[in-house]
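For reference, run27.cif (mmCIF, C-alpha atoms and all ligand atoms):
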```cif
data_run
#
loop_
_atom_site.label_atom_id
_atom_site.label_comp_id
_atom_site.auth_asym_id
_atom_site.auth_seq_id
_atom_site.Cartn_x
_atom_site.Cartn_y
_atom_site.Cartn_z
CA MET W 1 0.00 0.00 0.00
CA THR W 2 1.45 3.36 -0.95
CA ASP W 3 1.35 6.50 1.23
CA ASN W 4 -1.19 7.93 -1.13
CA GLN W 5 -3.55 4.98 -0.61
CA THR W 6 -3.17 5.06 3.18
CA ARG W 7 -4.10 8.71 3.22
CA LEU W 8 -7.28 7.93 1.32
CA GLY W 9 -8.81 5.99 4.23
CA LYS W 10 -10.01 2.54 5.16
CA PHE W 11 -12.52 1.71 2.43
CA THR W 12 -11.14 3.69 -0.47
CA VAL W 13 -8.84 0.94 -1.74
CA PRO W 14 -11.45 -1.88 -1.48
CA VAL W 15 -14.04 0.36 -3.16
CA LEU W 16 -11.65 1.15 -5.99
CA ASP W 17 -10.63 -2.51 -6.32
CA TYR W 18 -14.27 -3.53 -6.58
CA LEU W 19 -15.19 -0.88 -9.16
CA GLN W 20 -12.18 -1.80 -11.27
CA THR W 21 -13.50 -5.36 -11.62
CA GLN W 22 -16.95 -4.20 -12.74
CA ASP W 23 -17.89 -3.56 -16.36
CA LYS W 24 -20.97 -1.57 -15.38
CA PRO W 25 -21.60 1.32 -13.01
CA ARG W 26 -22.43 0.38 -9.41
CA SER W 27 -24.43 2.21 -6.78
CA ALA W 28 -23.13 2.89 -3.28
CA TYR W 29 -25.48 0.14 -2.03
CA ASP W 30 -24.04 -2.42 -4.46
CA ILE W 31 -20.60 -1.50 -3.17
CA LEU W 32 -21.71 -1.64 0.47
CA ASP W 33 -23.11 -5.16 -0.01
CA GLU W 34 -19.85 -6.24 -1.59
CA LEU W 35 -17.69 -4.81 1.21
CA ARG W 36 -19.71 -6.02 4.22
CA ASP W 37 -17.23 -8.82 4.85
CA LYS W 38 -14.48 -6.20 4.93
CA GLY W 39 -16.28 -4.37 7.75
CA ALA W 40 -18.30 -1.81 5.82
CA LYS W 41 -21.57 -1.13 7.66
CA ALA W 42 -23.04 2.19 6.60
CA PRO W 43 -23.61 3.81 3.20
CA MET W 44 -21.83 6.88 4.58
CA GLN W 45 -18.54 4.94 4.71
CA ILE W 46 -18.91 4.10 1.04
CA TYR W 47 -19.95 7.64 0.05
CA ARG W 48 -16.94 9.05 1.88
CA ALA W 49 -14.58 6.66 0.08
CA LEU W 50 -16.22 7.46 -3.28
CA ALA W 51 -15.88 11.21 -2.67
CA LYS W 52 -12.16 10.82 -2.03
CA LEU W 53 -11.67 8.62 -5.07
CA GLU W 54 -13.64 11.02 -7.22
CA GLU W 55 -11.50 13.92 -6.04
CA ALA W 56 -8.40 11.93 -6.96
CA GLY W 57 -9.85 11.28 -10.45
CA LEU W 58 -9.88 7.51 -9.87
CA VAL W 59 -13.63 7.02 -10.12
CA HIS W 60 -16.38 8.96 -11.90
CA LYS W 61 -19.93 9.49 -10.82
CA LEU W 62 -22.78 9.10 -13.28
CA PRO W 63 -25.06 11.95 -12.27
CA LYS W 64 -28.29 10.57 -13.70
CA SER W 65 -28.11 7.05 -12.37
CA ASN W 66 -26.29 8.04 -9.16
CA SER W 67 -23.71 5.31 -9.62
CA TRP W 68 -19.96 5.08 -10.08
CA ILE W 69 -17.41 3.64 -12.45
CA ALA W 70 -13.66 3.27 -12.08
CA CYS W 71 -11.70 5.65 -14.30
CA ASP W 72 -10.40 3.88 -17.39
CA GLY W 73 -6.91 4.99 -16.40
CA HIS W 74 -6.83 8.11 -18.46
CA HIS W 75 -4.92 10.94 -16.82
CA HIS W 76 -7.26 13.83 -16.10
CA ASP W 77 -5.63 17.20 -16.43
CA GLU W 78 -7.05 20.64 -15.79
CA VAL W 79 -8.55 21.00 -19.24
CA GLN W 80 -10.67 18.00 -18.43
CA ASP W 81 -12.78 19.68 -15.77
CA MET W 82 -15.74 18.50 -17.75
CA LEU W 83 -16.18 14.83 -18.36
CA LEU W 84 -18.30 13.23 -21.03
CA LEU W 85 -19.58 9.73 -20.29
CA LEU W 86 -21.49 7.68 -22.82
CA SER W 87 -23.91 5.36 -21.09
CA CYS W 88 -25.35 2.39 -22.99
CA GLN W 89 -29.09 1.99 -22.34
CA SER W 90 -29.01 -1.64 -23.36
CA CYS W 91 -26.03 -3.29 -21.62
CA GLY W 92 -25.14 -0.56 -19.12
CA ALA W 93 -21.53 -0.19 -20.25
CA VAL W 94 -20.04 3.28 -19.81
CA GLU W 95 -17.37 4.83 -21.96
CA GLU W 96 -15.27 7.88 -21.12
CA VAL W 97 -14.71 10.34 -23.92
CA HIS W 98 -11.27 11.89 -23.84
CA ASP W 99 -11.59 14.29 -26.72
CA THR W 100 -10.92 17.75 -25.29
CA THR W 101 -12.60 19.42 -28.29
CA PHE W 102 -15.86 18.93 -26.48
CA GLN W 103 -14.65 20.50 -23.21
CA LYS W 104 -13.08 23.44 -24.99
CA ALA W 105 -16.20 24.10 -27.05
CA ILE W 106 -18.49 24.03 -24.00
CA SER W 107 -16.09 26.19 -21.97
CA SER W 108 -15.90 28.90 -24.61
CA LEU W 109 -19.67 28.83 -25.12
CA ILE W 110 -20.25 29.16 -21.38
CA LYS W 111 -17.70 31.98 -21.10
CA LYS W 112 -19.75 34.05 -23.55
CA THR W 113 -22.81 33.73 -21.34
CA HIS W 114 -20.83 34.68 -18.16
CA TYR W 115 -22.41 31.67 -16.58
CA ASP W 116 -20.43 30.02 -13.80
CA LEU W 117 -20.05 26.35 -14.56
CA PRO W 118 -18.31 24.17 -11.99
CA ALA W 119 -16.47 21.01 -13.02
CA GLN W 120 -19.02 18.41 -13.88
CA THR W 121 -19.82 15.17 -15.59
CA ILE W 122 -22.19 15.00 -18.50
CA GLU W 123 -23.87 11.65 -18.97
CA VAL W 124 -25.20 10.88 -22.40
CA ASP W 125 -27.60 8.01 -23.02
CA GLY W 126 -27.18 5.91 -26.11
CA TYR W 127 -26.23 2.50 -27.42
CA CYS W 128 -22.69 1.14 -27.58
CA GLN W 129 -21.37 -0.40 -30.78
CA PRO W 130 -21.99 -4.09 -29.88
CA CYS W 131 -25.57 -3.32 -28.78
CA LYS W 132 -26.19 -1.18 -31.82
CA ASN W 133 -25.03 -4.02 -34.08
CA ASP W 134 -27.25 -6.45 -32.16
CA SER W 135 -30.48 -4.65 -32.85
ZN ZN Y 1 -11.40 8.97 -16.10
ZN ZN Y 2 -24.28 -1.73 -24.90
#
```
Would it be possible to restate this file's structure as structure tokens?
Amino acid sequence: MTDNQTRLGKFTVPVLDYLQTQDKPRSAYDILDELRDKGAKAPMQIYRALAKLEEAGLVHKLPKSNSWIACDGHHHDEVQDMLLLLSCQSCGAVEEVHDTTFQKAISSLIKKTHYDLPAQTIEVDGYCQPCKNDS
């Protein structure tokens, strides 16, 4: 365990480990059920771990479904204060979009309106390629 992981707290590493093995987003309650044998008792413990992981850019929250995925390993820099997630309505798979064209376009549009837009995740519903080919 590295210093960085110790600093993150008791359940952060198990939560991250669990999310990294999942191919679909999981809710805090799914995670809690999974970590009961590791001593997790309350949703708050899971939410706290998720908040720390999210801050570190290791997991991402899907705002609409209120669930989390592990980051695909992409390094998030400051340009990427806006995250685009494509969420498949058929199989539930989530894909991160790392094209900064999108972030830059939104940022410059927002600047013109003088609107204050905090860092956020935009979740877009759709169908992934395998599901699209299936139908
Ligand atoms: Zn990511
Ligand atoms: Zn799909």
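Note that the spacing between CA of Lys10 (chain W) and CA of Ala51 (chain W) amounts to 13.1 Å.
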- Task: Within 8 Å of ligand ZN 2 (chain Y), which residues show up when you count only C-alpha atoms and all ligand atoms? List them as JSON, numbers by chain, please.
- Result: {"W": [88, 89, 90, 91, 92, 93, 127, 128, 129, 130, 131, 132]}
- Message: Neighbouring residues of Ser65 (chain W) were defined as those with any atom within 10 Å, considering only C-alpha atoms; residues of the same chain fewer than 4 positions away were excluded. Please report them as number ranges by chain.
- Response: W: 25-27, 61, 87, 123
- Item | Contacts with ligand ZN 1 (chain Y) at most 7 Å, all atoms listed in the file counted, listed as a ChimeraX atom specification | /W:57-60,71-76,96
- Rank W:Ala42, W:Val124, W:Leu35, W:Ala70 by their smallest atom-to-atom distance to Glu54 (chain W), using all atoms listed in the file, and report the top residue only.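 Closest to Glu54 (chain W), using all atoms listed in the file: W:Ala70.
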- Message: Would you compute the distance between CA of Leu117 (chain W) and CA of Leu84 (chain W)? Give it in Å to one decimal.
- Response: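 Those two atoms sit 14.7 Å apart.
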- Quick one: residues within 7 Å of region 12-24 of chain W, all atoms listed in the file counted, chain neighbours fewer than 3 positions away excluded, as an MDAnalysis selection string? chainID W and resid 5 8:9 31 49:50 53 69:70 92:94
- Point-to-point distance in Å for CA of Gln45 (chain W) and CA of Pro118 (chain W): 25.5 Å
- From the list W:Met82, W:His114, W:Lys52, W:Ala119, which residue is nearest Asp99 (chain W) when using all atoms listed in the file? W:Met82
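Checking W:Phe11, W:Ile110, W:Asp125, W:Leu86 one by one against Arg36 (chain W), counting all atoms listed in the file, you find the shortest gap at W:Phe11.
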